[in-house]
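Engineer: Data file work-v2.tsv (TSV, C-alpha atoms and all ligand atoms) is appended below.
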```
chain	number	residue	atom	x	y	z
A	1086	MET	CA	-20.81	-81.76	92.90
A	1087	GLU	CA	-22.48	-79.08	94.97
A	1088	TYR	CA	-24.12	-79.91	98.28
A	1089	THR	CA	-26.86	-78.18	100.21
A	1090	THR	CA	-28.51	-78.55	103.59
A	1091	LEU	CA	-31.86	-80.24	103.10
A	1092	GLY	CA	-34.40	-77.81	104.55
A	1093	SER	CA	-33.99	-77.63	108.32
A	1094	THR	CA	-32.72	-81.20	108.70
A	1095	GLY	CA	-29.03	-80.29	108.90
A	1096	MET	CA	-28.42	-83.21	106.51
A	1097	GLU	CA	-26.15	-82.45	103.55
A	1098	VAL	CA	-27.36	-83.67	100.18
A	1099	SER	CA	-26.08	-83.33	96.63
A	1100	ARG	CA	-27.92	-80.68	94.63
A	1101	LEU	CA	-29.11	-83.45	92.35
A	1102	CYS	CA	-31.09	-86.34	93.71
A	1103	LEU	CA	-31.15	-89.47	91.56
A	1104	GLY	CA	-34.71	-90.73	91.13
A	1105	CYS	CA	-34.93	-94.52	90.99
A	1106	MET	CA	-38.39	-94.87	89.40
A	1107	SER	CA	-36.73	-96.21	86.22
A	1108	PHE	CA	-34.91	-99.05	87.99
A	1109	GLY	CA	-36.54	-102.42	88.54
A	1110	ASP	CA	-38.55	-104.80	86.48
A	1111	PRO	CA	-39.04	-104.18	82.72
A	1112	ASP	CA	-42.36	-106.03	83.04
A	1113	TRP	CA	-43.66	-103.14	85.16
A	1114	ARG	CA	-42.88	-100.43	82.56
A	1115	GLU	CA	-40.97	-101.02	79.33
A	1116	TRP	CA	-38.42	-98.33	80.08
A	1117	MET	CA	-37.22	-99.93	83.34
A	1118	LEU	CA	-33.54	-100.78	83.71
A	1119	ASP	CA	-32.63	-104.16	85.13
A	1120	ASP	CA	-30.12	-104.68	87.95
A	1121	ASP	CA	-26.83	-104.44	86.04
A	1122	ALA	CA	-27.72	-101.36	84.02
A	1123	ALA	CA	-29.21	-99.66	87.10
A	1124	HIS	CA	-26.11	-100.45	89.16
A	1125	ASP	CA	-23.92	-98.80	86.49
A	1126	ILE	CA	-25.98	-95.60	86.72
A	1127	ILE	CA	-25.96	-95.59	90.53
A	1128	ASP	CA	-22.19	-96.24	90.62
A	1129	ARG	CA	-21.54	-93.43	88.15
A	1130	ALA	CA	-23.80	-91.10	90.16
A	1131	ILE	CA	-21.77	-91.84	93.29
A	1132	ASP	CA	-18.51	-91.24	91.35
A	1133	LEU	CA	-19.91	-87.86	90.34
A	1134	GLY	CA	-20.66	-86.98	93.96
A	1135	VAL	CA	-24.40	-87.71	94.08
A	1136	ASN	CA	-25.26	-88.87	97.62
A	1137	PHE	CA	-29.05	-88.53	97.47
A	1138	PHE	CA	-31.39	-91.21	96.07
A	1139	ASP	CA	-35.19	-91.28	95.89
A	1140	THR	CA	-37.35	-94.36	95.45
A	1141	ALA	CA	-40.80	-95.60	96.57
A	1142	ASN	CA	-42.29	-98.90	97.64
A	1143	MET	CA	-44.58	-98.88	94.59
A	1144	TYR	CA	-41.90	-98.37	91.93
A	1145	SER	CA	-41.80	-101.69	90.14
A	1146	THR	CA	-43.71	-103.00	93.19
A	1147	GLY	CA	-40.65	-103.01	95.40
A	1148	GLU	CA	-38.02	-103.89	92.79
A	1149	SER	CA	-36.69	-100.33	92.63
A	1150	GLU	CA	-35.97	-100.38	96.37
A	1151	ARG	CA	-34.30	-103.77	96.07
A	1152	VAL	CA	-32.10	-102.65	93.15
A	1153	LEU	CA	-31.11	-99.46	94.99
A	1154	GLY	CA	-30.43	-101.34	98.22
A	1155	ASP	CA	-28.22	-103.87	96.42
A	1156	ALA	CA	-26.33	-101.17	94.55
A	1157	LEU	CA	-25.62	-99.29	97.79
A	1158	GLU	CA	-24.53	-102.37	99.72
A	1159	GLY	CA	-21.67	-101.46	102.05
A	1160	ARG	CA	-22.15	-97.73	101.44
A	1161	HIS	CA	-25.63	-97.01	102.77
A	1162	GLU	CA	-24.28	-94.81	105.52
A	1163	GLU	CA	-22.51	-92.31	103.28
A	1164	ASN	CA	-25.63	-91.84	101.18
A	1165	VAL	CA	-29.05	-90.34	101.85
A	1166	VAL	CA	-31.90	-92.66	100.91
A	1167	ALA	CA	-35.51	-91.54	100.60
A	1168	THR	CA	-38.51	-93.77	99.97
A	1169	LYS	CA	-42.29	-93.41	100.06
A	1170	VAL	CA	-45.55	-95.07	101.05
A	1171	PHE	CA	-49.19	-94.75	99.94
A	1172	PHE	CA	-49.93	-96.56	96.68
A	1173	GLN	CA	-51.25	-100.13	96.72
A	1174	MET	CA	-48.54	-102.80	96.75
A	1175	ASP	CA	-50.67	-105.92	96.61
A	1176	GLU	CA	-54.03	-105.89	94.85
A	1177	ASP	CA	-55.30	-108.64	97.16
A	1178	ASP	CA	-54.41	-106.68	100.28
A	1179	PRO	CA	-56.35	-103.45	100.82
A	1180	ASN	CA	-54.07	-102.61	103.76
A	1181	SER	CA	-51.06	-102.40	101.47
A	1182	SER	CA	-52.13	-98.87	100.48
A	1183	GLY	CA	-52.94	-95.65	102.28
A	1184	LEU	CA	-51.48	-94.10	105.39
A	1185	SER	CA	-53.03	-95.97	108.31
A	1186	ARG	CA	-50.75	-97.03	111.17
A	1187	LYS	CA	-51.05	-100.61	109.96
A	1188	THR	CA	-50.00	-99.76	106.40
A	1189	ILE	CA	-47.17	-97.47	107.48
A	1190	GLU	CA	-45.69	-99.96	109.95
A	1191	GLN	CA	-45.94	-102.92	107.57
A	1192	GLU	CA	-44.82	-101.07	104.46
A	1193	LEU	CA	-41.89	-99.36	106.20
A	1194	ASP	CA	-40.62	-102.73	107.45
A	1195	ALA	CA	-40.98	-104.17	103.94
A	1196	SER	CA	-39.13	-101.19	102.41
A	1197	LEU	CA	-36.28	-101.47	104.91
A	1198	ASP	CA	-36.03	-105.16	104.17
A	1199	ARG	CA	-35.79	-104.58	100.40
A	1200	LEU	CA	-33.33	-101.71	100.86
A	1201	GLY	CA	-31.22	-103.81	103.23
A	1202	MET	CA	-31.22	-100.99	105.79
A	1203	ASP	CA	-32.19	-100.68	109.45
A	1204	THR	CA	-32.99	-97.00	109.08
A	1205	VAL	CA	-34.01	-95.04	106.01
A	1206	ASP	CA	-33.05	-91.35	105.92
A	1207	LEU	CA	-36.33	-89.92	104.68
A	1208	TYR	CA	-39.75	-91.57	104.69
A	1209	GLN	CA	-42.34	-89.71	102.63
A	1210	ILE	CA	-46.07	-89.95	102.19
A	1211	HIS	CA	-46.52	-90.31	98.43
A	1212	ARG	CA	-50.02	-88.79	98.43
A	1213	TRP	CA	-52.66	-87.55	100.90
A	1214	ASP	CA	-54.90	-90.23	102.36
A	1215	TYR	CA	-58.47	-88.96	102.46
A	1216	ASP	CA	-59.55	-91.99	104.51
A	1217	THR	CA	-57.11	-91.67	107.42
A	1218	PRO	CA	-57.04	-88.62	109.72
A	1219	ILE	CA	-53.64	-86.94	109.40
A	1220	GLU	CA	-53.17	-87.07	113.18
A	1221	GLY	CA	-53.05	-90.89	113.08
A	1222	THR	CA	-50.60	-90.87	110.19
A	1223	LEU	CA	-48.33	-88.36	111.93
A	1224	ARG	CA	-48.37	-90.37	115.17
A	1225	ALA	CA	-47.36	-93.53	113.26
A	1226	LEU	CA	-44.58	-91.63	111.44
A	1227	ASP	CA	-43.36	-90.08	114.69
A	1228	ASP	CA	-43.19	-93.55	116.25
A	1229	ALA	CA	-41.16	-94.72	113.25
A	1230	VAL	CA	-38.66	-91.94	113.98
A	1231	ARG	CA	-38.56	-92.84	117.72
A	1232	ARG	CA	-38.00	-96.51	116.82
A	1233	GLY	CA	-35.05	-95.56	114.64
A	1234	LYS	CA	-36.68	-96.76	111.41
A	1235	THR	CA	-36.49	-93.41	109.66
A	1236	ARG	CA	-34.51	-90.28	110.43
A	1237	TYR	CA	-36.87	-87.75	108.84
A	1238	VAL	CA	-40.38	-87.72	107.42
A	1239	GLY	CA	-41.59	-85.83	104.37
A	1240	GLY	CA	-44.57	-85.10	102.18
A	1241	SER	CA	-45.17	-85.30	98.44
A	1242	SER	CA	-47.70	-83.75	96.05
A	1243	MET	CA	-50.71	-82.39	97.95
A	1244	TRP	CA	-52.63	-79.13	98.45
A	1245	VAL	CA	-50.99	-76.44	100.56
A	1246	HIS	CA	-53.91	-76.44	103.02
A	1247	GLN	CA	-53.23	-80.14	103.66
A	1248	PHE	CA	-49.52	-79.60	104.16
A	1249	ALA	CA	-50.22	-76.67	106.50
A	1250	ASP	CA	-52.71	-78.82	108.44
A	1251	ALA	CA	-50.06	-81.55	108.81
A	1252	LEU	CA	-47.36	-79.14	110.02
A	1253	HIS	CA	-49.74	-77.47	112.50
A	1254	THR	CA	-50.93	-80.85	113.78
A	1255	SER	CA	-47.35	-82.04	114.39
A	1256	ASP	CA	-46.47	-78.81	116.16
A	1257	ARG	CA	-49.61	-78.95	118.33
A	1258	LEU	CA	-48.97	-82.56	119.33
A	1259	GLY	CA	-45.20	-82.30	119.66
A	1260	LEU	CA	-44.63	-84.83	116.87
A	1261	ASP	CA	-41.88	-84.92	114.26
A	1262	ARG	CA	-42.96	-82.64	111.43
A	1263	PHE	CA	-42.55	-83.10	107.69
A	1264	ALA	CA	-39.07	-81.88	106.81
A	1265	THR	CA	-39.41	-82.03	103.03
A	1266	MET	CA	-41.83	-81.54	100.15
A	1267	GLN	CA	-41.46	-83.63	96.99
A	1268	ASN	CA	-43.64	-81.81	94.49
A	1269	HIS	CA	-44.23	-81.56	90.75
A	1270	TYR	CA	-42.31	-78.56	89.41
A	1271	ASN	CA	-40.59	-77.64	86.15
A	1272	LEU	CA	-40.59	-74.91	83.49
A	1273	VAL	CA	-43.87	-76.12	81.98
A	1274	TYR	CA	-45.61	-76.87	85.30
A	1275	ARG	CA	-45.24	-73.93	87.70
A	1276	GLU	CA	-48.47	-74.03	89.68
A	1277	GLU	CA	-46.41	-74.73	92.83
A	1278	GLU	CA	-45.06	-71.17	92.70
A	1279	ARG	CA	-48.45	-69.81	93.83
A	1280	GLU	CA	-48.45	-71.14	97.38
A	1281	MET	CA	-46.46	-74.31	98.01
A	1282	LEU	CA	-42.97	-72.97	97.33
A	1283	PRO	CA	-43.37	-69.72	99.34
A	1284	TYR	CA	-44.95	-71.72	102.16
A	1285	CYS	CA	-42.05	-74.20	102.19
A	1286	GLU	CA	-39.53	-71.36	102.27
A	1287	LYS	CA	-41.32	-69.78	105.22
A	1288	GLU	CA	-41.44	-73.10	107.11
A	1289	GLY	CA	-37.85	-74.15	106.37
A	1290	ILE	CA	-39.01	-77.18	104.38
A	1291	GLY	CA	-36.55	-78.87	102.00
A	1292	VAL	CA	-37.95	-78.82	98.46
A	1293	ILE	CA	-37.07	-81.74	96.15
A	1294	PRO	CA	-39.15	-81.41	92.96
A	1295	TRP	CA	-40.02	-84.41	90.81
A	1296	SER	CA	-39.96	-84.48	87.01
A	1297	PRO	CA	-37.73	-81.38	86.72
A	1298	MET	CA	-37.37	-82.11	82.98
A	1299	ALA	CA	-41.13	-82.61	82.60
A	1300	ARG	CA	-40.77	-86.39	82.19
A	1301	GLY	CA	-38.55	-85.77	79.18
A	1302	TYR	CA	-40.79	-83.17	77.45
A	1303	LEU	CA	-38.16	-80.48	78.06
A	1304	THR	CA	-35.31	-82.64	76.75
A	1305	ARG	CA	-36.34	-82.76	73.08
A	1306	PRO	CA	-38.37	-80.70	70.61
A	1307	HIS	CA	-42.14	-80.74	71.11
A	1308	GLU	CA	-42.68	-82.75	67.89
A	1309	ASP	CA	-40.34	-85.50	69.12
A	1310	VAL	CA	-42.05	-86.17	72.42
A	1311	GLY	CA	-42.87	-89.76	71.41
A	1312	ALA	CA	-39.33	-90.45	70.19
A	1313	THR	CA	-38.23	-92.53	73.19
A	1314	ALA	CA	-39.51	-95.81	74.65
A	1315	ARG	CA	-40.89	-93.91	77.61
A	1316	GLY	CA	-42.36	-91.07	75.52
A	1317	GLU	CA	-44.04	-93.60	73.25
A	1318	ASN	CA	-45.66	-95.37	76.16
A	1319	GLU	CA	-46.54	-92.50	78.45
A	1320	GLU	CA	-49.89	-91.64	76.94
A	1321	TYR	CA	-50.59	-89.05	79.58
A	1322	LEU	CA	-47.66	-86.97	78.30
A	1323	TYR	CA	-49.78	-86.16	75.28
A	1324	GLU	CA	-52.78	-85.02	77.29
A	1325	HIS	CA	-50.67	-83.43	79.92
A	1326	PRO	CA	-50.77	-79.79	81.03
A	1327	TYR	CA	-47.22	-79.55	79.64
A	1328	MET	CA	-48.78	-79.40	76.20
A	1329	GLN	CA	-51.32	-76.76	77.17
A	1330	GLY	CA	-50.98	-73.02	77.62
A	1331	GLY	CA	-47.47	-71.87	76.82
A	1332	GLY	CA	-45.84	-75.32	76.92
A	1333	PRO	CA	-44.94	-75.70	73.23
A	1334	GLU	CA	-43.54	-72.15	73.05
A	1335	ILE	CA	-41.49	-72.74	76.23
A	1336	ASN	CA	-40.20	-75.95	74.66
A	1337	ARG	CA	-39.17	-73.93	71.57
A	1338	ARG	CA	-37.41	-71.31	73.71
A	1339	VAL	CA	-35.55	-74.04	75.63
A	1340	GLN	CA	-34.25	-75.30	72.26
A	1341	GLU	CA	-33.20	-71.81	71.22
A	1342	LEU	CA	-31.32	-71.12	74.47
A	1343	ALA	CA	-29.72	-74.57	74.38
A	1344	ASP	CA	-28.24	-73.66	70.98
A	1345	GLU	CA	-27.12	-70.26	72.24
A	1346	TYR	CA	-25.41	-71.68	75.37
A	1347	ASP	CA	-24.14	-74.67	73.38
A	1348	VAL	CA	-25.69	-77.14	75.83
A	1349	THR	CA	-28.60	-79.57	75.64
A	1350	MET	CA	-32.27	-78.78	76.26
A	1351	ALA	CA	-32.18	-80.99	79.36
A	1352	GLN	CA	-29.36	-78.86	80.76
A	1353	ILE	CA	-31.30	-75.62	80.22
A	1354	ALA	CA	-34.34	-77.11	82.00
A	1355	LEU	CA	-32.14	-78.17	84.92
A	1356	ALA	CA	-30.15	-74.92	85.07
A	1357	TRP	CA	-33.47	-73.05	85.35
A	1358	ILE	CA	-34.78	-75.12	88.28
A	1359	LEU	CA	-31.41	-75.25	90.06
A	1360	ASP	CA	-31.44	-71.44	90.09
A	1361	LYS	CA	-34.68	-71.30	92.09
A	1362	ASP	CA	-33.99	-70.31	95.70
A	1363	ALA	CA	-36.82	-72.48	97.01
A	1364	VAL	CA	-35.37	-75.64	95.44
A	1365	ASP	CA	-32.90	-77.77	97.37
A	1366	ALA	CA	-32.39	-80.66	94.95
A	1367	PRO	CA	-34.44	-81.65	91.90
A	1368	ILE	CA	-35.02	-85.39	91.54
A	1369	ILE	CA	-33.83	-86.37	88.09
A	1370	GLY	CA	-34.82	-89.49	86.20
A	1371	THR	CA	-32.52	-91.12	83.68
A	1372	THR	CA	-31.60	-94.47	82.20
A	1373	SER	CA	-28.43	-93.16	80.55
A	1374	ILE	CA	-24.96	-92.44	81.92
A	1375	ASP	CA	-24.48	-89.72	79.31
A	1376	HIS	CA	-27.69	-87.99	80.45
A	1377	LEU	CA	-26.64	-88.31	84.09
A	1378	GLU	CA	-23.31	-86.65	83.29
A	1379	GLN	CA	-25.15	-83.87	81.45
A	1380	ALA	CA	-27.28	-83.28	84.53
A	1381	VAL	CA	-24.20	-82.85	86.70
A	1382	GLU	CA	-22.66	-80.47	84.14
A	1383	ALA	CA	-25.84	-78.37	84.32
A	1384	LEU	CA	-24.74	-77.29	87.79
A	1385	ASP	CA	-22.08	-75.15	86.08
A	1386	ILE	CA	-24.45	-73.32	83.75
A	1387	ASP	CA	-25.09	-69.71	84.75
A	1388	LEU	CA	-28.40	-68.81	83.24
A	1389	VAL	CA	-28.54	-65.05	82.69
A	1390	GLU	CA	-31.50	-63.60	84.61
A	1391	SER	CA	-33.10	-62.12	81.49
A	1392	ASP	CA	-32.84	-65.53	79.77
A	1393	ALA	CA	-34.60	-67.22	82.68
A	1394	ALA	CA	-37.34	-64.57	82.49
A	1395	TRP	CA	-37.66	-65.12	78.73
A	1396	LEU	CA	-38.10	-68.85	79.29
A	1397	GLU	CA	-40.81	-68.20	81.86
A	1398	GLU	CA	-42.70	-65.57	79.88
A	1399	PRO	CA	-45.02	-67.79	77.78
A	1400	TYR	CA	-46.24	-69.78	80.81
A	1401	GLU	CA	-49.99	-69.78	81.36
A	1402	PRO	CA	-51.78	-71.38	84.33
A	1403	VAL	CA	-52.60	-75.04	83.69
A	1404	PRO	CA	-54.76	-77.57	85.56
A	1405	VAL	CA	-53.22	-78.94	88.74
A	1406	SER	CA	-51.32	-82.12	88.03
A	1407	GLY	CA	-49.75	-84.64	90.37
A	1408	HIS	CA	-52.41	-84.81	93.08
A	1409	GLU	CA	-56.17	-84.56	93.59
A	1501	LIG	N1	-43.51	-88.02	94.24
A	1501	LIG	C1	-44.06	-88.31	93.10
A	1501	LIG	O1	-45.28	-88.41	92.99
A	1501	LIG	C2	-43.19	-88.56	91.90
A	1501	LIG	C3	-43.75	-88.62	90.61
A	1501	LIG	C4	-42.89	-88.84	89.52
A	1501	LIG	C5	-41.52	-88.98	89.74
A	1501	LIG	N2	-41.00	-88.93	91.02
A	1501	LIG	C6	-39.54	-89.04	91.28
A	1501	LIG	O2	-38.86	-88.17	90.40
A	1501	LIG	C7	-37.90	-88.88	89.65
A	1501	LIG	C8	-37.75	-88.25	88.28
A	1501	LIG	O3	-38.97	-88.29	87.60
A	1501	LIG	P1	-39.04	-88.31	86.02
A	1501	LIG	O4	-38.23	-89.44	85.50
A	1501	LIG	O5	-40.48	-88.22	85.66
A	1501	LIG	O6	-38.36	-86.91	85.69
A	1501	LIG	P2	-37.52	-86.11	84.68
A	1501	LIG	O7	-36.13	-86.09	85.22
A	1501	LIG	O8	-38.25	-84.83	84.49
A	1501	LIG	O9	-37.58	-86.87	83.28
A	1501	LIG	C9	-36.86	-88.00	82.98
A	1501	LIG	C10	-36.92	-88.21	81.49
A	1501	LIG	O10	-36.06	-87.25	80.86
A	1501	LIG	C11	-35.15	-87.94	80.01
A	1501	LIG	N3	-33.84	-87.28	80.09
A	1501	LIG	C12	-33.12	-87.00	81.19
A	1501	LIG	N4	-31.97	-86.37	80.84
A	1501	LIG	C13	-31.96	-86.29	79.50
A	1501	LIG	C14	-31.05	-85.76	78.56
A	1501	LIG	N5	-29.90	-85.18	78.92
A	1501	LIG	N6	-31.35	-85.85	77.24
A	1501	LIG	C15	-32.51	-86.43	76.83
A	1501	LIG	N7	-33.41	-86.95	77.68
A	1501	LIG	C16	-33.15	-86.88	79.00
A	1501	LIG	C17	-35.04	-89.34	80.56
A	1501	LIG	O11	-34.69	-90.20	79.50
A	1501	LIG	P3	-33.41	-91.17	79.63
A	1501	LIG	O12	-33.83	-92.27	80.52
A	1501	LIG	O13	-33.15	-91.57	78.21
A	1501	LIG	O14	-32.29	-90.36	80.22
A	1501	LIG	C18	-36.45	-89.58	81.09
A	1501	LIG	O15	-37.30	-90.07	80.07
A	1501	LIG	C19	-38.39	-90.33	89.66
A	1501	LIG	O16	-37.35	-91.25	89.43
A	1501	LIG	C20	-38.96	-90.43	91.03
A	1501	LIG	O17	-37.94	-90.69	91.98
A	1501	LIG	C21	-41.83	-88.71	92.08
```
Show me, as structure tokens, the structure contained in the file I just sent.

Structural biologist:
Amino acid sequence: MEYTTLGSTGMEVSRLCLGCMSFGDPDWREWMLDDDAAHDIIDRAIDLGVNFFDTANMYSTGESERVLGDALEGRHEENVVATKVFFQMDEDDPNSSGLSRKTIEQELDASLDRLGMDTVDLYQIHRWDYDTPIEGTLRALDDAVRRGKTRYVGGSSMWVHQFADALHTSDRLGLDRFATMQNHYNLVYREEEREMLPYCEKEGIGVIPWSPMARGYLTRPHEDVGATARGENEEYLYEHPYMQGGGPEINRRVQELADEYDVTMAQIALAWILDKDAVDAPIIGTTSIDHLEQAVEALDIDLVESDAAWLEEPYEPVPVSGHE
């Protein structure tokens, strides 16, 4: 495994972060893994040197955090655990969503409880809350750091002007600033290259992109997108920007290079993103030990510069996806 310093935190993380959105309750999404299967993947990830795990309160309405917390029992300290807040947890409780002080304090306590931890390493806002002034959110997050409930705070998909506003507000008020950005980025969704990635580099922000394999679109030929349980059920994959512009041609080129390098399409998609200077650690999703092992092997693939450029060439701007 390779490790990197996460942004300006000084914290060392594996260059692959294991996303835990697929662990929890199969009633939530059909492609969820239950406890035993999820524990096997988390154990194997740790064997392979992964020390960085990402979850969220809303994944499987808390079950993902519980599964991760159980799997890490007795070894929380040697791992880096990130979770998130924003989406509604209880449809009867309007204060279980958003980024008010009330929501943040209650949801962070509930997350810590499910994770079985006193302190989480990274607490992220899952989306921007248009109903709560960012100053209030940042004050609540800063208090969470002072109270020892989280070590760092981070952002996820949002506009650059919002992220810049948040960083300036923290600096002006002397509050803990966002240390990381978890954004949507892969070979078929590169809108983040316009402003977010250069801005993060300038500000020393750790970048941990989600869906680095385009939710599976870059792991199999375009025609086979519906070939898995998740592909079959994720209707939005079919209407997604991945399918627009140069997406299908990029998918074809990923197949061609995979054959040439004698690796899988998933490994080409990961090798490409791992080569990006702005990226600290992509957050991978998988329900398979074989796929997890492939992801770790992708760290050893040296993508020739001209091949990376050839993969990028067909890309055309697509509508923003991941936030509003
Ligand atoms: N902040 C946000 O708003 C946000 C949004 C979405 C996701 N996330 C985070 O990002 C993580 C990853 O997201 P994601 O699951 O959408 O991303 P992804 O890693 O781009 O895609 C995962 C999909 O690719 C497939 N796959 C992986 N390796 C493969 C291989 N070698 N061969 C064939 N198929 C392969 C997986 O299938 P198998 O299960 O069969 O391996 C799964 O369906 C989540 O767990 C979550 O932590 C955050």

Engineer: Could you check which of A:Gly1221, A:Pro1404, A:Gly1301, A:Pro1333 is closest to ligand LIG 1501 (chain A), using only C-alpha atoms and all ligand atoms?

Structural biologist: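 So, comparing all the options, the nearest one is A:Gly1301.
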
Engineer: Do you know which residues are within 6 Å of ligand LIG 1501 (chain A) using only C-alpha atoms and all ligand atoms? Can you write them as a ChimeraX atom specification?

Structural biologist: /A:1104-1107,1139-1140,1211,1241,1267,1295-1301,1304,1315,1351,1368-1373,1376,1379

Engineer: Edge lengths and centre in Å to one decimal, as AutoDock Vina command-line options, of the axis-aligned box that encloses all listed atoms of region 1380-1397 of chain A with 8 Å added on every side?

Structural biologist:
```
--center_x -31.4 --center_y -72.7 --center_z 83.3 --size_x 34.7 --size_y 37.2 --size_z 25.1
```

Engineer: Out of A:Val1152, A:Met1096, A:Ala1141, A:Leu1118, which residue has the shortest atom-to-atom distance to Ala1167 (chain A) when counting all atoms listed in the file?

Structural biologist: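 The answer is A:Ala1141, which sits nearest to Ala1167 (chain A).
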
Engineer: At a cut-off of 10 Å from (-42.2, -88.0, 109.7) in the coordinates of the file, what residues are picked up using only C-alpha atoms, written as a list in words?

Structural biologist: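 Counting only C-alpha atoms, I find these residues within 10 Å of (-42.2, -88.0, 109.7): Leu1207, Tyr1208, Gln1209, Ile1210, Thr1222, Leu1223, Arg1224, Ala1225, Leu1226, Asp1227, Asp1228, Ala1229, Val1230, Thr1235, Arg1236, Tyr1237, Val1238, Gly1239, Gly1240, Ser1255, Leu1260, Asp1261, Arg1262, Phe1263, Ala1264 and Thr1265 of chain A.
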
Engineer: What does the distance from CA of Ile1189 (chain A) to CA of Glu1158 (chain A) come to in Å, to one decimal?

Structural biologist: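 Interatomic distance, CA of Ile1189 (chain A) to CA of Glu1158 (chain A): 24.4 Å.
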
Engineer: May I ask for the distance between CA of Ser1093 (chain A) and CA of Glu1288 (chain A), given in Å to one decimal place?

Structural biologist: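 Interatomic distance here is 8.8 Å.
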
Engineer: Fewer than 5 positions away in the same chain doesn't count, so skip those; otherwise give me all residues within 12 Å of Arg1279 (chain A), counting only C-alpha atoms, as a tab-separated table (two decimals) with C-alpha atoms, keeping the file's coordinate frame.

Structural biologist:
```tsv
chain	number	residue	atom	x	y	z
A	1244	TRP	CA	-52.63	-79.13	98.45
A	1245	VAL	CA	-50.99	-76.44	100.56
A	1270	TYR	CA	-42.31	-78.56	89.41
A	1274	TYR	CA	-45.61	-76.87	85.30
A	1284	TYR	CA	-44.95	-71.72	102.16
A	1285	CYS	CA	-42.05	-74.20	102.19
A	1402	PRO	CA	-51.78	-71.38	84.33
A	1405	VAL	CA	-53.22	-78.94	88.74
```

Engineer: Using CA of Gly1291 (chain A) and CA of Gly1331 (chain A) as the two end points, give the distance in Å to one decimal.

Structural biologist: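 Calculated distance between CA of Gly1291 (chain A) and CA of Gly1331 (chain A) is 28.3 Å.
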
Engineer: Would you kindly return, as a list in words, each protein, DNA or RNA residue with an atom no farther than 12 Å from any atom of Glu1345 (chain A), considering all atoms listed in the file and excluding same-chain residues fewer than 5 positions away?

Structural biologist: Arg1338, Val1339, Gln1340, Met1350, Ile1353, Leu1388, Val1389 and Asp1392 of chain A

Engineer: For C-alpha atoms, I'd like the residues from the last selection saved as a PDB file, in the coordinates of the input.

Structural biologist:
```
ATOM      1  CA  ARG A1338     -37.410 -71.310  73.710  1.00  0.00           C
ATOM      2  CA  VAL A1339     -35.550 -74.040  75.630  1.00  0.00           C
ATOM      3  CA  GLN A1340     -34.250 -75.300  72.260  1.00  0.00           C
ATOM      4  CA  MET A1350     -32.270 -78.780  76.260  1.00  0.00           C
ATOM      5  CA  ILE A1353     -31.300 -75.620  80.220  1.00  0.00           C
ATOM      6  CA  LEU A1388     -28.400 -68.810  83.240  1.00  0.00           C
ATOM      7  CA  VAL A1389     -28.540 -65.050  82.690  1.00  0.00           C
ATOM      8  CA  ASP A1392     -32.840 -65.530  79.770  1.00  0.00           C
TER       9      ASP A1392
END
```

Engineer: Closest to Glu1378 (chain A) among A:Glu1097, A:Asp1309, A:Glu1148, A:Asp1132, using only C-alpha atoms?

Structural biologist: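 Ranked by minimum distance to Glu1378 (chain A), first place goes to A:Asp1132.
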
Engineer: Counting all atoms listed in the file, which residue out of A:Trp1116, A:Tyr1400, A:Phe1137, A:Tyr1215 sits closest to Ile1335 (chain A)?

Structural biologist: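 For Ile1335 (chain A), the nearest of the candidates is A:Tyr1400.
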
Engineer: Write out as a list in words the residues lying within 10 Å of Arg1337 (chain A), counting only C-alpha atoms and excluding same-chain residues fewer than 6 positions away.

Structural biologist: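 My reading of the contact set: Leu1303, Arg1305, Pro1306, His1307, Ala1343, Met1350 and Leu1396 of chain A.
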
Engineer: Of the residues A:Arg1129, A:His1325, A:His1161, A:Arg1232, which is the one nearest to Glu1190 (chain A), using only C-alpha atoms?

Structural biologist: A:Arg1232

Engineer: Once you count all atoms listed in the file, which residues end up no further than 7 Å from (-55.2, -91.6, 109.6) in the file's frame, shown as a compact mmCIF listing (two decimals) with C-alpha atoms, in the coordinates of the input?

Structural biologist:
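Wrote it out as result-v7.txt, contents follow:
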```
# COMPACT_ATOMS: atom_id res chain seq x y z
CA LEU A 1184 -51.48 -94.10 105.39
CA SER A 1185 -53.03 -95.97 108.31
CA ASP A 1216 -59.55 -91.99 104.51
CA THR A 1217 -57.11 -91.67 107.42
CA PRO A 1218 -57.04 -88.62 109.72
CA ILE A 1219 -53.64 -86.94 109.40
CA GLU A 1220 -53.17 -87.07 113.18
CA GLY A 1221 -53.05 -90.89 113.08
CA THR A 1222 -50.60 -90.87 110.19
```

Engineer: Which residues are near Asp1155 (chain A)? Cut-off 9 Å, only C-alpha atoms, ignore same chain within fewer than 5 positions. Put them as a list of chain:residue names.

Structural biologist: A:Asp1120, A:His1124, A:Glu1150, A:Arg1199, A:Leu1200, A:Gly1201

Engineer: Which residue out of A:Val1098, A:Leu1157, A:Ala1314, A:Ile1374 has the minimum interatomic distance to Arg1114 (chain A) when only C-alpha atoms are used?

Structural biologist: A:Ala1314
